[in-house]
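Okay, start28.pdb is below, PDB, C-alpha atoms:
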ATOM      1  CA  ASP A 233       0.000   0.000   0.000  1.00  0.00           C
ATOM      2  CA  LEU A 234       1.935   3.009  -1.299  1.00  0.00           C
ATOM      3  CA  GLU A 235       0.211   5.712   0.754  1.00  0.00           C
ATOM      4  CA  SER A 236       0.938   4.069   4.118  1.00  0.00           C
ATOM      5  CA  GLY A 237       4.062   2.160   3.073  1.00  0.00           C
ATOM      6  CA  VAL A 238       2.605  -0.980   4.655  1.00  0.00           C
ATOM      7  CA  ALA A 239       3.485  -4.351   3.092  1.00  0.00           C
ATOM      8  CA  LEU A 240       0.148  -6.161   2.837  1.00  0.00           C
ATOM      9  CA  TYR A 241       1.785  -9.512   2.104  1.00  0.00           C
ATOM     10  CA  GLU A 242       5.347 -10.605   1.523  1.00  0.00           C
ATOM     11  CA  LYS A 243       7.250 -13.787   0.835  1.00  0.00           C
ATOM     12  CA  ASP A 244      11.037 -13.765   0.354  1.00  0.00           C
ATOM     13  CA  PRO A 245      11.010 -10.025  -0.519  1.00  0.00           C
ATOM     14  CA  ASP A 246      14.813  -9.766  -0.268  1.00  0.00           C
ATOM     15  CA  LYS A 247      15.708 -13.006  -2.059  1.00  0.00           C
ATOM     16  CA  LEU A 248      18.105 -12.372  -4.957  1.00  0.00           C
ATOM     17  CA  LEU A 249      16.314 -13.366  -8.150  1.00  0.00           C
ATOM     18  CA  LEU A 250      16.597 -12.814 -11.900  1.00  0.00           C
ATOM     19  CA  PRO A 251      14.628  -9.662 -12.746  1.00  0.00           C
ATOM     20  CA  ALA A 252      14.439 -10.390 -16.517  1.00  0.00           C
ATOM     21  CA  SER A 253      12.768  -7.506 -18.358  1.00  0.00           C
ATOM     22  CA  THR A 254      11.638  -5.724 -15.189  1.00  0.00           C
ATOM     23  CA  THR A 255      15.251  -4.464 -15.587  1.00  0.00           C
ATOM     24  CA  LYS A 256      13.872  -2.138 -18.286  1.00  0.00           C
ATOM     25  CA  ILE A 257      12.224   0.033 -15.617  1.00  0.00           C
ATOM     26  CA  VAL A 258      15.720   1.253 -14.720  1.00  0.00           C
ATOM     27  CA  THR A 259      16.842   1.254 -18.375  1.00  0.00           C
ATOM     28  CA  ALA A 260      13.975   3.673 -19.054  1.00  0.00           C
ATOM     29  CA  LEU A 261      14.752   5.905 -16.056  1.00  0.00           C
ATOM     30  CA  VAL A 262      18.401   6.268 -17.081  1.00  0.00           C
ATOM     31  CA  ALA A 263      17.407   6.969 -20.707  1.00  0.00           C
ATOM     32  CA  MET A 264      14.823   9.554 -19.555  1.00  0.00           C
ATOM     33  CA  ASP A 265      17.469  11.262 -17.408  1.00  0.00           C
ATOM     34  CA  TYR A 266      19.802  11.703 -20.364  1.00  0.00           C
ATOM     35  CA  TYR A 267      17.787  11.949 -23.599  1.00  0.00           C
ATOM     36  CA  SER A 268      14.916  14.236 -24.505  1.00  0.00           C
ATOM     37  CA  PRO A 269      11.901  12.373 -25.972  1.00  0.00           C
ATOM     38  CA  GLN A 270      12.220  14.280 -29.265  1.00  0.00           C
ATOM     39  CA  GLU A 271      15.894  13.400 -29.769  1.00  0.00           C
ATOM     40  CA  ILE A 272      16.536  11.282 -32.861  1.00  0.00           C
ATOM     41  CA  LEU A 273      18.795   8.223 -32.696  1.00  0.00           C
ATOM     42  CA  SER A 274      20.078   6.131 -35.578  1.00  0.00           C
ATOM     43  CA  VAL A 275      20.034   2.363 -35.052  1.00  0.00           C
ATOM     44  CA  PRO A 276      23.654   1.145 -34.948  1.00  0.00           C
ATOM     45  CA  ASN A 277      24.857  -2.366 -35.700  1.00  0.00           C
ATOM     46  CA  ILE A 278      23.628  -3.988 -32.486  1.00  0.00           C
ATOM     47  CA  LYS A 279      23.233  -7.574 -31.395  1.00  0.00           C
ATOM     48  CA  SER A 280      20.019  -8.423 -29.591  1.00  0.00           C
ATOM     49  CA  GLU A 281      18.142 -11.626 -28.900  1.00  0.00           C
ATOM     50  CA  GLY A 282      14.766 -12.462 -27.432  1.00  0.00           C
ATOM     51  CA  GLN A 283      11.905 -10.000 -27.681  1.00  0.00           C
ATOM     52  CA  ARG A 284      12.512  -7.376 -30.407  1.00  0.00           C
ATOM     53  CA  MET A 285      10.563  -4.661 -32.194  1.00  0.00           C
ATOM     54  CA  ARG A 286      12.666  -5.478 -35.296  1.00  0.00           C
ATOM     55  CA  LEU A 287      14.640  -2.282 -35.633  1.00  0.00           C
ATOM     56  CA  VAL A 288      16.578  -1.959 -38.885  1.00  0.00           C
ATOM     57  CA  PHE A 289      20.254  -0.945 -39.108  1.00  0.00           C
ATOM     58  CA  GLY A 290      20.425   2.778 -39.981  1.00  0.00           C
ATOM     59  CA  GLU A 291      16.760   3.412 -39.112  1.00  0.00           C
ATOM     60  CA  LYS A 292      16.198   6.751 -37.400  1.00  0.00           C
ATOM     61  CA  LEU A 293      13.666   6.962 -34.559  1.00  0.00           C
ATOM     62  CA  SER A 294      12.822   9.363 -31.773  1.00  0.00           C
ATOM     63  CA  VAL A 295      13.793   8.453 -28.217  1.00  0.00           C
ATOM     64  CA  ASP A 296      10.047   8.554 -27.462  1.00  0.00           C
ATOM     65  CA  SER A 297       9.490   5.735 -30.006  1.00  0.00           C
ATOM     66  CA  LEU A 298      12.346   3.699 -28.521  1.00  0.00           C
ATOM     67  CA  LEU A 299      11.014   4.149 -24.970  1.00  0.00           C
ATOM     68  CA  LYS A 300       7.596   2.961 -26.134  1.00  0.00           C
ATOM     69  CA  GLY A 301       9.199  -0.103 -27.734  1.00  0.00           C
ATOM     70  CA  LEU A 302      11.167  -0.698 -24.538  1.00  0.00           C
ATOM     71  CA  LEU A 303       8.298  -0.419 -22.045  1.00  0.00           C
ATOM     72  CA  ILE A 304       5.205  -1.484 -24.011  1.00  0.00           C
ATOM     73  CA  PHE A 305       6.651  -4.311 -26.128  1.00  0.00           C
ATOM     74  CA  SER A 306       9.702  -5.020 -23.921  1.00  0.00           C
ATOM     75  CA  ALA A 307      11.968  -4.748 -26.964  1.00  0.00           C
ATOM     76  CA  ASN A 308      15.569  -5.771 -26.305  1.00  0.00           C
ATOM     77  CA  ASP A 309      16.776  -4.036 -29.469  1.00  0.00           C
ATOM     78  CA  ALA A 310      15.303  -0.733 -28.224  1.00  0.00           C
ATOM     79  CA  ALA A 311      17.215  -1.184 -24.944  1.00  0.00           C
ATOM     80  CA  GLU A 312      20.459  -1.831 -26.835  1.00  0.00           C
ATOM     81  CA  VAL A 313      20.047   1.278 -29.031  1.00  0.00           C
ATOM     82  CA  LEU A 314      19.393   3.516 -26.012  1.00  0.00           C
ATOM     83  CA  ALA A 315      22.450   2.042 -24.275  1.00  0.00           C
ATOM     84  CA  SER A 316      24.838   2.135 -27.240  1.00  0.00           C
ATOM     85  CA  GLU A 317      24.110   5.789 -28.103  1.00  0.00           C
ATOM     86  CA  PHE A 318      24.711   6.948 -24.512  1.00  0.00           C
ATOM     87  CA  PRO A 319      27.952   8.972 -23.962  1.00  0.00           C
ATOM     88  CA  GLY A 320      30.661   6.386 -23.329  1.00  0.00           C
ATOM     89  CA  GLY A 321      28.503   3.715 -24.961  1.00  0.00           C
ATOM     90  CA  ARG A 322      26.870   0.585 -23.579  1.00  0.00           C
ATOM     91  CA  GLU A 323      29.223   0.028 -20.627  1.00  0.00           C
ATOM     92  CA  ALA A 324      28.772   3.605 -19.444  1.00  0.00           C
ATOM     93  CA  PHE A 325      25.004   3.159 -19.699  1.00  0.00           C
ATOM     94  CA  ILE A 326      25.115   0.002 -17.549  1.00  0.00           C
ATOM     95  CA  ASN A 327      27.291   1.896 -15.036  1.00  0.00           C
ATOM     96  CA  ALA A 328      24.645   4.634 -14.994  1.00  0.00           C
ATOM     97  CA  MET A 329      21.962   1.983 -14.317  1.00  0.00           C
ATOM     98  CA  ASN A 330      23.930   0.714 -11.308  1.00  0.00           C
ATOM     99  CA  ALA A 331      24.541   4.275 -10.115  1.00  0.00           C
ATOM    100  CA  LYS A 332      20.769   4.860 -10.355  1.00  0.00           C
ATOM    101  CA  ALA A 333      20.155   1.675  -8.335  1.00  0.00           C
ATOM    102  CA  ARG A 334      22.509   2.917  -5.588  1.00  0.00           C
ATOM    103  CA  GLN A 335      20.997   6.416  -5.662  1.00  0.00           C
ATOM    104  CA  LEU A 336      17.534   4.885  -5.087  1.00  0.00           C
ATOM    105  CA  ASN A 337      18.849   2.574  -2.314  1.00  0.00           C
ATOM    106  CA  LEU A 338      18.140  -0.601  -4.255  1.00  0.00           C
ATOM    107  CA  SER A 339      20.597  -2.398  -2.010  1.00  0.00           C
ATOM    108  CA  ASN A 340      20.186  -5.876  -3.548  1.00  0.00           C
ATOM    109  CA  THR A 341      20.148  -4.919  -7.223  1.00  0.00           C
ATOM    110  CA  GLU A 342      22.965  -5.188  -9.756  1.00  0.00           C
ATOM    111  CA  PHE A 343      22.740  -4.885 -13.538  1.00  0.00           C
ATOM    112  CA  LYS A 344      25.017  -6.438 -16.166  1.00  0.00           C
ATOM    113  CA  ASN A 345      23.043  -5.402 -19.265  1.00  0.00           C
ATOM    114  CA  PRO A 346      20.216  -3.021 -20.272  1.00  0.00           C
ATOM    115  CA  THR A 347      17.742  -5.747 -21.326  1.00  0.00           C
ATOM    116  CA  GLY A 348      17.392  -8.155 -18.418  1.00  0.00           C
ATOM    117  CA  LEU A 349      18.742 -11.147 -20.322  1.00  0.00           C
ATOM    118  CA  GLU A 350      20.306 -13.645 -17.950  1.00  0.00           C
ATOM    119  CA  ALA A 351      23.856 -12.835 -16.833  1.00  0.00           C
ATOM    120  CA  VAL A 352      25.879 -13.880 -13.792  1.00  0.00           C
ATOM    121  CA  GLY A 353      25.325 -11.309 -11.058  1.00  0.00           C
ATOM    122  CA  HIS A 354      22.369  -9.598 -12.802  1.00  0.00           C
ATOM    123  CA  VAL A 355      19.937  -9.679  -9.867  1.00  0.00           C
ATOM    124  CA  SER A 356      17.227  -7.822  -8.005  1.00  0.00           C
ATOM    125  CA  THR A 357      14.575  -8.454  -5.358  1.00  0.00           C
ATOM    126  CA  ALA A 358      10.836  -7.989  -5.069  1.00  0.00           C
ATOM    127  CA  ARG A 359      11.348  -5.231  -2.490  1.00  0.00           C
ATOM    128  CA  ASP A 360      13.808  -3.306  -4.692  1.00  0.00           C
ATOM    129  CA  LEU A 361      11.464  -3.557  -7.678  1.00  0.00           C
ATOM    130  CA  ILE A 362       8.559  -2.181  -5.620  1.00  0.00           C
ATOM    131  CA  ARG A 363      10.706   0.779  -4.630  1.00  0.00           C
ATOM    132  CA  VAL A 364      11.994   1.639  -8.101  1.00  0.00           C
ATOM    133  CA  SER A 365       8.549   1.141  -9.655  1.00  0.00           C
ATOM    134  CA  GLU A 366       6.935   3.488  -7.147  1.00  0.00           C
ATOM    135  CA  ILE A 367       9.485   6.172  -8.078  1.00  0.00           C
ATOM    136  CA  ALA A 368       9.098   5.469 -11.814  1.00  0.00           C
ATOM    137  CA  MET A 369       5.291   5.776 -11.656  1.00  0.00           C
ATOM    138  CA  GLU A 370       5.633   9.249 -10.128  1.00  0.00           C
ATOM    139  CA  ASN A 371       7.052  10.276 -13.528  1.00  0.00           C
ATOM    140  CA  SER A 372       3.919  11.039 -15.580  1.00  0.00           C
ATOM    141  CA  TYR A 373       5.704  10.333 -18.872  1.00  0.00           C
ATOM    142  CA  PHE A 374       6.823   6.869 -17.700  1.00  0.00           C
ATOM    143  CA  ALA A 375       3.342   6.152 -16.273  1.00  0.00           C
ATOM    144  CA  GLU A 376       1.666   7.133 -19.535  1.00  0.00           C
ATOM    145  CA  ILE A 377       3.842   4.764 -21.576  1.00  0.00           C
ATOM    146  CA  VAL A 378       3.472   1.702 -19.303  1.00  0.00           C
ATOM    147  CA  GLY A 379      -0.294   2.292 -19.177  1.00  0.00           C
ATOM    148  CA  THR A 380      -0.582   2.122 -22.990  1.00  0.00           C
ATOM    149  CA  LYS A 381      -2.331  -1.009 -24.274  1.00  0.00           C
ATOM    150  CA  GLU A 382      -1.129  -0.675 -27.861  1.00  0.00           C
ATOM    151  CA  THR A 383       0.326   1.870 -30.235  1.00  0.00           C
ATOM    152  CA  LYS A 384       2.491   2.123 -33.291  1.00  0.00           C
ATOM    153  CA  VAL A 385       5.706   4.043 -33.838  1.00  0.00           C
ATOM    154  CA  VAL A 386       7.178   5.119 -37.161  1.00  0.00           C
ATOM    155  CA  SER A 387      10.723   5.863 -38.315  1.00  0.00           C
ATOM    156  CA  VAL A 388      11.565   9.525 -38.961  1.00  0.00           C
ATOM    157  CA  ASP A 389      11.269   9.079 -42.744  1.00  0.00           C
ATOM    158  CA  GLY A 390       7.861   7.415 -42.305  1.00  0.00           C
ATOM    159  CA  LYS A 391       8.943   4.262 -44.145  1.00  0.00           C
ATOM    160  CA  ILE A 392       9.185   1.768 -41.275  1.00  0.00           C
ATOM    161  CA  GLU A 393       6.305   1.120 -38.892  1.00  0.00           C
ATOM    162  CA  HIS A 394       6.417  -0.877 -35.663  1.00  0.00           C
ATOM    163  CA  LYS A 395       3.189  -2.066 -34.053  1.00  0.00           C
ATOM    164  CA  LEU A 396       3.555  -2.343 -30.272  1.00  0.00           C
ATOM    165  CA  THR A 397       1.166  -4.368 -28.123  1.00  0.00           C
ATOM    166  CA  ASN A 398       1.602  -4.376 -24.349  1.00  0.00           C
ATOM    167  CA  ILE A 399       2.599  -7.797 -23.009  1.00  0.00           C
ATOM    168  CA  ASN A 400       0.793  -7.057 -19.726  1.00  0.00           C
ATOM    169  CA  GLU A 401      -2.515  -8.925 -20.043  1.00  0.00           C
ATOM    170  CA  LEU A 402      -3.953  -7.237 -16.929  1.00  0.00           C
ATOM    171  CA  LEU A 403      -3.952  -3.820 -18.622  1.00  0.00           C
ATOM    172  CA  GLY A 404      -7.466  -3.115 -19.797  1.00  0.00           C
ATOM    173  CA  SER A 405      -8.834  -6.370 -18.350  1.00  0.00           C
ATOM    174  CA  VAL A 406      -8.496  -5.747 -14.596  1.00  0.00           C
ATOM    175  CA  PRO A 407     -10.048  -2.405 -13.563  1.00  0.00           C
ATOM    176  CA  GLY A 408      -7.540  -0.087 -11.906  1.00  0.00           C
ATOM    177  CA  VAL A 409      -4.366  -1.694 -13.301  1.00  0.00           C
ATOM    178  CA  ALA A 410      -2.215   1.066 -14.809  1.00  0.00           C
ATOM    179  CA  GLY A 411       1.201  -0.605 -15.515  1.00  0.00           C
ATOM    180  CA  VAL A 412       4.124  -1.467 -14.796  1.00  0.00           C
ATOM    181  CA  LYS A 413       6.312  -4.180 -16.378  1.00  0.00           C
ATOM    182  CA  THR A 414       6.535  -7.833 -17.331  1.00  0.00           C
ATOM    183  CA  GLY A 415       9.622 -10.021 -17.466  1.00  0.00           C
ATOM    184  CA  TRP A 416      10.414 -13.553 -18.587  1.00  0.00           C
ATOM    185  CA  THR A 417      13.435 -15.730 -19.206  1.00  0.00           C
ATOM    186  CA  GLU A 418      13.709 -19.481 -19.007  1.00  0.00           C
ATOM    187  CA  ASN A 419      15.361 -19.420 -15.587  1.00  0.00           C
ATOM    188  CA  SER A 420      13.649 -16.361 -14.103  1.00  0.00           C
ATOM    189  CA  ARG A 421      10.236 -17.781 -15.083  1.00  0.00           C
ATOM    190  CA  GLU A 422       7.406 -15.242 -15.097  1.00  0.00           C
ATOM    191  CA  ASN A 423       7.884 -11.829 -13.488  1.00  0.00           C
ATOM    192  CA  LEU A 424       5.360  -9.019 -13.179  1.00  0.00           C
ATOM    193  CA  VAL A 425       5.309  -5.656 -11.430  1.00  0.00           C
ATOM    194  CA  THR A 426       1.778  -4.253 -11.196  1.00  0.00           C
ATOM    195  CA  TYR A 427       0.571  -0.803 -10.186  1.00  0.00           C
ATOM    196  CA  MET A 428      -3.089  -0.174  -9.561  1.00  0.00           C
ATOM    197  CA  GLU A 429      -5.416   2.457  -8.160  1.00  0.00           C
ATOM    198  CA  LYS A 430      -8.765   1.356  -6.764  1.00  0.00           C
ATOM    199  CA  ASP A 431     -11.112   2.497  -3.987  1.00  0.00           C
ATOM    200  CA  GLY A 432      -8.775   5.397  -3.238  1.00  0.00           C
ATOM    201  CA  ARG A 433      -5.812   3.048  -2.701  1.00  0.00           C
ATOM    202  CA  LYS A 434      -2.523   2.930  -4.602  1.00  0.00           C
ATOM    203  CA  ILE A 435      -1.121  -0.591  -4.662  1.00  0.00           C
ATOM    204  CA  MET A 436       2.136  -1.990  -6.050  1.00  0.00           C
ATOM    205  CA  ILE A 437       2.673  -5.740  -6.439  1.00  0.00           C
ATOM    206  CA  THR A 438       5.842  -7.536  -7.498  1.00  0.00           C
ATOM    207  CA  LEU A 439       5.777 -11.201  -8.414  1.00  0.00           C
ATOM    208  CA  LEU A 440       9.022 -12.980  -9.334  1.00  0.00           C
ATOM    209  CA  GLY A 441       9.612 -16.585 -10.390  1.00  0.00           C
ATOM    210  CA  SER A 442       5.930 -17.290 -10.995  1.00  0.00           C
ATOM    211  CA  GLN A 443       4.405 -19.994 -13.184  1.00  0.00           C
ATOM    212  CA  ASP A 444       1.264 -17.893 -13.748  1.00  0.00           C
ATOM    213  CA  ARG A 445       2.024 -14.210 -13.211  1.00  0.00           C
ATOM    214  CA  PHE A 446      -1.283 -12.824 -14.474  1.00  0.00           C
ATOM    215  CA  GLY A 447      -3.467 -15.357 -12.654  1.00  0.00           C
ATOM    216  CA  GLU A 448      -1.544 -15.045  -9.379  1.00  0.00           C
ATOM    217  CA  THR A 449      -1.507 -11.234  -9.522  1.00  0.00           C
ATOM    218  CA  LYS A 450      -5.279 -11.277 -10.097  1.00  0.00           C
ATOM    219  CA  GLU A 451      -5.666 -13.485  -7.012  1.00  0.00           C
ATOM    220  CA  LEU A 452      -3.546 -11.094  -4.957  1.00  0.00           C
ATOM    221  CA  ILE A 453      -5.624  -8.129  -6.159  1.00  0.00           C
ATOM    222  CA  GLU A 454      -8.859  -9.909  -5.213  1.00  0.00           C
ATOM    223  CA  TRP A 455      -7.410 -10.798  -1.810  1.00  0.00           C
ATOM    224  CA  ILE A 456      -6.198  -7.213  -1.183  1.00  0.00           C
ATOM    225  CA  PHE A 457      -9.528  -5.593  -1.974  1.00  0.00           C
TER
END
Could you render the structure from this file as structure tokens?
Amino acid sequence: DLESGVALYEKDPDKLLLPASTTKIVTALVAMDYYSPQEILSVPNIKSEGQRMRLVFGEKLSVDSLLKGLLIFSANDAAEVLASEFPGGREAFINAMNAKARQLNLSNTEFKNPTGLEAVGHVSTARDLIRVSEIAMENSYFAEIVGTKETKVVSVDGKIEHKLTNINELLGSVPGVAGVKTGWTENSRENLVTYMEKDGRKIMITLLGSQDRFGETKELIEWIF
């Protein structure tokens, strides 16, 4: 319960787990700190696997479009472009992510990449993800993007279109749910951070290592209210 700061239910909140694409919450915050939404980036020769919005080498897009790809569609290629174009490049971006984690007192969080793909030492906890998500949702621009069910973004020359559908099945189906972020890898299993407002309450839920993130989050919501 965000207003009171009371944990309504917790289980292993400080256990080090694989955050998967919930990592992109911090990727977005670092990108938003540095870039303006209108800034145009050209897609470099990047390597990315997993979920992608299928960016094309040399394609020019606004940072706004890349952030939408990152947070709505969980696009790993969008994360890699934002990181590689940062001053000092990808490594400097990852350093900035870890600096952001320390600044926000995410004491059990460490990042090794901007996407959330599995890497030794790339870890977070349910408690840390609640904290960073609460801060992220106070940014109206971030909140607007993660609350978007679907949209499309277009390259600067208008030739390439990317349709983005939010992976979060609770958006639009469970009243009050307004974001935040999904995550999945084979070893992390299903992750989901959920923000909702209902009956005058602001609630944040983090679920890591689930086998049924949407069903279990729905159960938690029903239990809470």
The PyMOL selection byres ((chain A and resi 287) around 12) on the file shown: which residues, as a VMD selection string?
-> chain A and resid 273 to 280 283 to 286 288 to 293 297 to 298 301 to 302 307 to 313 385 to 387 392 to 395
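Using all atoms listed in the file, the smallest distance between any of A:Leu403, A:Leu234, A:Val355, A:Leu396 and Leu248 in chain A comes from A:Val355.
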Output the residue selection produced by the PyMOL selection byres ((chain A and resi 375) around 12) on the file above, formatted as a PDB file with C-alpha atoms, in the coordinates of the input.
ATOM      1  CA  ILE A 257      12.224   0.033 -15.617  1.00  0.00           C
ATOM      2  CA  ALA A 260      13.975   3.673 -19.054  1.00  0.00           C
ATOM      3  CA  LEU A 261      14.752   5.905 -16.056  1.00  0.00           C
ATOM      4  CA  LEU A 299      11.014   4.149 -24.970  1.00  0.00           C
ATOM      5  CA  LYS A 300       7.596   2.961 -26.134  1.00  0.00           C
ATOM      6  CA  LEU A 303       8.298  -0.419 -22.045  1.00  0.00           C
ATOM      7  CA  ILE A 304       5.205  -1.484 -24.011  1.00  0.00           C
ATOM      8  CA  SER A 365       8.549   1.141  -9.655  1.00  0.00           C
ATOM      9  CA  GLU A 366       6.935   3.488  -7.147  1.00  0.00           C
ATOM     10  CA  ILE A 367       9.485   6.172  -8.078  1.00  0.00           C
ATOM     11  CA  ALA A 368       9.098   5.469 -11.814  1.00  0.00           C
ATOM     12  CA  MET A 369       5.291   5.776 -11.656  1.00  0.00           C
ATOM     13  CA  GLU A 370       5.633   9.249 -10.128  1.00  0.00           C
ATOM     14  CA  ASN A 371       7.052  10.276 -13.528  1.00  0.00           C
ATOM     15  CA  SER A 372       3.919  11.039 -15.580  1.00  0.00           C
ATOM     16  CA  TYR A 373       5.704  10.333 -18.872  1.00  0.00           C
ATOM     17  CA  PHE A 374       6.823   6.869 -17.700  1.00  0.00           C
ATOM     18  CA  GLU A 376       1.666   7.133 -19.535  1.00  0.00           C
ATOM     19  CA  ILE A 377       3.842   4.764 -21.576  1.00  0.00           C
ATOM     20  CA  VAL A 378       3.472   1.702 -19.303  1.00  0.00           C
ATOM     21  CA  GLY A 379      -0.294   2.292 -19.177  1.00  0.00           C
ATOM     22  CA  THR A 380      -0.582   2.122 -22.990  1.00  0.00           C
ATOM     23  CA  VAL A 409      -4.366  -1.694 -13.301  1.00  0.00           C
ATOM     24  CA  ALA A 410      -2.215   1.066 -14.809  1.00  0.00           C
ATOM     25  CA  GLY A 411       1.201  -0.605 -15.515  1.00  0.00           C
ATOM     26  CA  VAL A 412       4.124  -1.467 -14.796  1.00  0.00           C
ATOM     27  CA  LYS A 413       6.312  -4.180 -16.378  1.00  0.00           C
ATOM     28  CA  THR A 426       1.778  -4.253 -11.196  1.00  0.00           C
ATOM     29  CA  TYR A 427       0.571  -0.803 -10.186  1.00  0.00           C
ATOM     30  CA  MET A 428      -3.089  -0.174  -9.561  1.00  0.00           C
TER      31      MET A 428
END
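The closest residue to Asp360 in chain A, picked from A:Glu235, A:Glu317, A:Asp244, A:Glu281 and counting all atoms listed in the file, is A:Asp244.
In terms of minimum interatomic distance to Ser294 in chain A, A:Pro269 ranks closest within A:Pro269, A:Gly348, A:Gly390, A:Gly432, counting only C-alpha atoms.
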Would you list the residues near (10.0, -16.3, -12.2) (no more than 12 Å away, in the coordinates of the file, using all atoms listed in the file) as a ChimeraX atom specification?
-> /A:248-254,356-358,414-425,438-445,448
Residue subset to file, keeping C-alpha atoms, as a PDB file, keeping the file's coordinate frame:
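Listed below is the output, result12.pdb:
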ATOM      1  CA  LEU A 248      18.105 -12.372  -4.957  1.00  0.00           C
ATOM      2  CA  LEU A 249      16.314 -13.366  -8.150  1.00  0.00           C
ATOM      3  CA  LEU A 250      16.597 -12.814 -11.900  1.00  0.00           C
ATOM      4  CA  PRO A 251      14.628  -9.662 -12.746  1.00  0.00           C
ATOM      5  CA  ALA A 252      14.439 -10.390 -16.517  1.00  0.00           C
ATOM      6  CA  SER A 253      12.768  -7.506 -18.358  1.00  0.00           C
ATOM      7  CA  THR A 254      11.638  -5.724 -15.189  1.00  0.00           C
ATOM      8  CA  SER A 356      17.227  -7.822  -8.005  1.00  0.00           C
ATOM      9  CA  THR A 357      14.575  -8.454  -5.358  1.00  0.00           C
ATOM     10  CA  ALA A 358      10.836  -7.989  -5.069  1.00  0.00           C
ATOM     11  CA  THR A 414       6.535  -7.833 -17.331  1.00  0.00           C
ATOM     12  CA  GLY A 415       9.622 -10.021 -17.466  1.00  0.00           C
ATOM     13  CA  TRP A 416      10.414 -13.553 -18.587  1.00  0.00           C
ATOM     14  CA  THR A 417      13.435 -15.730 -19.206  1.00  0.00           C
ATOM     15  CA  GLU A 418      13.709 -19.481 -19.007  1.00  0.00           C
ATOM     16  CA  ASN A 419      15.361 -19.420 -15.587  1.00  0.00           C
ATOM     17  CA  SER A 420      13.649 -16.361 -14.103  1.00  0.00           C
ATOM     18  CA  ARG A 421      10.236 -17.781 -15.083  1.00  0.00           C
ATOM     19  CA  GLU A 422       7.406 -15.242 -15.097  1.00  0.00           C
ATOM     20  CA  ASN A 423       7.884 -11.829 -13.488  1.00  0.00           C
ATOM     21  CA  LEU A 424       5.360  -9.019 -13.179  1.00  0.00           C
ATOM     22  CA  VAL A 425       5.309  -5.656 -11.430  1.00  0.00           C
ATOM     23  CA  THR A 438       5.842  -7.536  -7.498  1.00  0.00           C
ATOM     24  CA  LEU A 439       5.777 -11.201  -8.414  1.00  0.00           C
ATOM     25  CA  LEU A 440       9.022 -12.980  -9.334  1.00  0.00           C
ATOM     26  CA  GLY A 441       9.612 -16.585 -10.390  1.00  0.00           C
ATOM     27  CA  SER A 442       5.930 -17.290 -10.995  1.00  0.00           C
ATOM     28  CA  GLN A 443       4.405 -19.994 -13.184  1.00  0.00           C
ATOM     29  CA  ASP A 444       1.264 -17.893 -13.748  1.00  0.00           C
ATOM     30  CA  ARG A 445       2.024 -14.210 -13.211  1.00  0.00           C
ATOM     31  CA  GLU A 448      -1.544 -15.045  -9.379  1.00  0.00           C
TER      32      GLU A 448
END
All residues 12 Å or closer to Val238 in chain A, all atoms listed in the file, same chain fewer than 3 positions away omitted, as a CSV table (one decimal) with C-alpha atoms, in the frame of the given file:
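Saved to around-v4.csv:
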chain,number,residue,atom,x,y,z
A,233,ASP,CA,0.0,0.0,0.0
A,234,LEU,CA,1.9,3.0,-1.3
A,235,GLU,CA,0.2,5.7,0.8
A,241,TYR,CA,1.8,-9.5,2.1
A,242,GLU,CA,5.3,-10.6,1.5
A,362,ILE,CA,8.6,-2.2,-5.6
A,433,ARG,CA,-5.8,3.0,-2.7
A,434,LYS,CA,-2.5,2.9,-4.6
A,435,ILE,CA,-1.1,-0.6,-4.7
A,436,MET,CA,2.1,-2.0,-6.0
Pick from A:Lys391, A:Arg363, A:Lys256, A:His354 nearest to Ala239 in chain A, counting all atoms listed in the file | A:Arg363
Name the residues captured by the PyMOL selection byres ((chain A and resi 270) around 7) when it is applied to the shown file; answer as a ChimeraX atom specification.
-> /A:268-269,271-272,294-296
Coords for range 337-343 of chain A, N, CA, C and O atoms, as an mmCIF file, in the first residue's frame:
data_model
loop_
_atom_site.group_PDB
_atom_site.id
_atom_site.type_symbol
_atom_site.label_atom_id
_atom_site.label_comp_id
_atom_site.auth_asym_id
_atom_site.auth_seq_id
_atom_site.Cartn_x
_atom_site.Cartn_y
_atom_site.Cartn_z
ATOM 1 N N ASN A 337 18.722 3.538 -3.423
ATOM 2 C CA ASN A 337 18.849 2.574 -2.314
ATOM 3 C C ASN A 337 18.292 1.193 -2.648
ATOM 4 O O ASN A 337 17.674 0.548 -1.805
ATOM 5 N N LEU A 338 18.510 0.767 -3.881
ATOM 6 C CA LEU A 338 18.140 -0.601 -4.255
ATOM 7 C C LEU A 338 19.324 -1.483 -3.870
ATOM 8 O O LEU A 338 20.187 -1.815 -4.678
ATOM 9 N N SER A 339 19.364 -1.844 -2.588
ATOM 10 C CA SER A 339 20.597 -2.398 -2.010
ATOM 11 C C SER A 339 20.922 -3.807 -2.504
ATOM 12 O O SER A 339 22.056 -4.260 -2.380
ATOM 13 N N ASN A 340 19.943 -4.501 -3.085
ATOM 14 C CA ASN A 340 20.186 -5.876 -3.548
ATOM 15 C C ASN A 340 20.086 -6.015 -5.064
ATOM 16 O O ASN A 340 19.773 -7.088 -5.573
ATOM 17 N N THR A 341 20.317 -4.914 -5.764
ATOM 18 C CA THR A 341 20.148 -4.919 -7.223
ATOM 19 C C THR A 341 21.469 -4.622 -7.920
ATOM 20 O O THR A 341 22.192 -3.718 -7.513
ATOM 21 N N GLU A 342 21.760 -5.415 -8.943
ATOM 22 C CA GLU A 342 22.965 -5.188 -9.756
ATOM 23 C C GLU A 342 22.632 -5.543 -11.197
ATOM 24 O O GLU A 342 21.999 -6.565 -11.471
ATOM 25 N N PHE A 343 23.040 -4.660 -12.123
ATOM 26 C CA PHE A 343 22.740 -4.885 -13.538
ATOM 27 C C PHE A 343 24.010 -5.176 -14.331
ATOM 28 O O PHE A 343 25.044 -4.562 -14.103
#
